[in-house]
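Novice: Here it is, the structure, as structure tokens.
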Amino acid sequence: VVGALVFAVEVLALSYIGKVLGKLPSVRDSSEHLRSAISETLQLAILFGSLMAANTMGGGLGILIVGGLYLLNEAMGRVVVRMAAAPAAVLVGGVL
């Protein structure tokens, strides 16, 4: 019972602290930068994971196909969403 009470007080205090910090413009800007950095990191991780999968499937030729398809997508103005471009390129490379 005491643990549940402490947990409830902690959740309510964090909610209040979040509201107070959300009013500060520097904290809002920092949170936006953090969100975009996390998104970019995830995109890079997916790209490198796709390149590693292509290397396992087809060696240097697999990397060439997947990397080329990814770069072609970027050059064409991102026809496929950037997060899905590398895994889609791996599927195409696997079929080829």
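Going by the structure tokens order, chains are called A, B, ..., each with residues numbered from 1, while ligands are numbered from 1 in the order shown.
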Which residues, written as a PyMOL selection string, have at least one atom at most 12 Å from range 68-80 of chain A, with only C-alpha atoms counted and residues fewer than 6 positions away on the same chain left out?
Specialist: chain A and resi 46-48+50-51+54+60-62+86-93
Novice: Measure the distance from CA of Ser36 in chain A to CA of Lys19 in chain A in Å and round it to one decimal.
Specialist: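 According to the coordinates, CA of Ser36 in chain A and CA of Lys19 in chain A are separated by 21.2 Å.
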Novice: Compare A:Tyr16, A:Pro25, A:Leu64, A:Gln43 by their minimum atom-to-atom distance to Arg82 in chain A, counting only C-alpha atoms, and give me the closest one.
Specialist: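 Residue with the minimum atom-to-atom distance to Arg82 in chain A: A:Gln43.
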Novice: Give the answer as one residue: which of A:Gly94, A:Leu14, A:Val20, A:Val27 has the shortest atom-to-atom distance to Thr56 in chain A, using only C-alpha atoms?
Specialist: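 Checking each candidate against Thr56 in chain A, we get A:Gly94 as the closest.
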Novice: What gap, in Å, lies between CA of Val9 in chain A and CA of Gly22 in chain A?
Specialist: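 Rounded to one decimal, the two atoms are 19.8 Å apart.
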Novice: Identify which of the residues A:Ser31, A:Met52, A:Val81, A:Gly18 lies closest to Gly67 in chain A, counting only C-alpha atoms when measuring atom-to-atom distances.
Specialist: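 Checking each of A:Ser31, A:Met52, A:Val81, A:Gly18 against Gly67 in chain A, counting only C-alpha atoms, the winner is A:Met52.
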Novice: Quote the spacing between CA of Val66 in chain A and CA of Ala37 in chain A in Å to one decimal place.
Specialist: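 Separating CA of Val66 in chain A from CA of Ala37 in chain A is a distance of 24.2 Å.
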Novice: In terms of the shortest atom-to-atom distance over only C-alpha atoms, which of A:Ser26, A:Val2, A:Met83, A:Ala8 is closest to Gly49 in chain A?
Specialist: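 Among A:Ser26, A:Val2, A:Met83, A:Ala8, it is A:Met83 that comes nearest to Gly49 in chain A.
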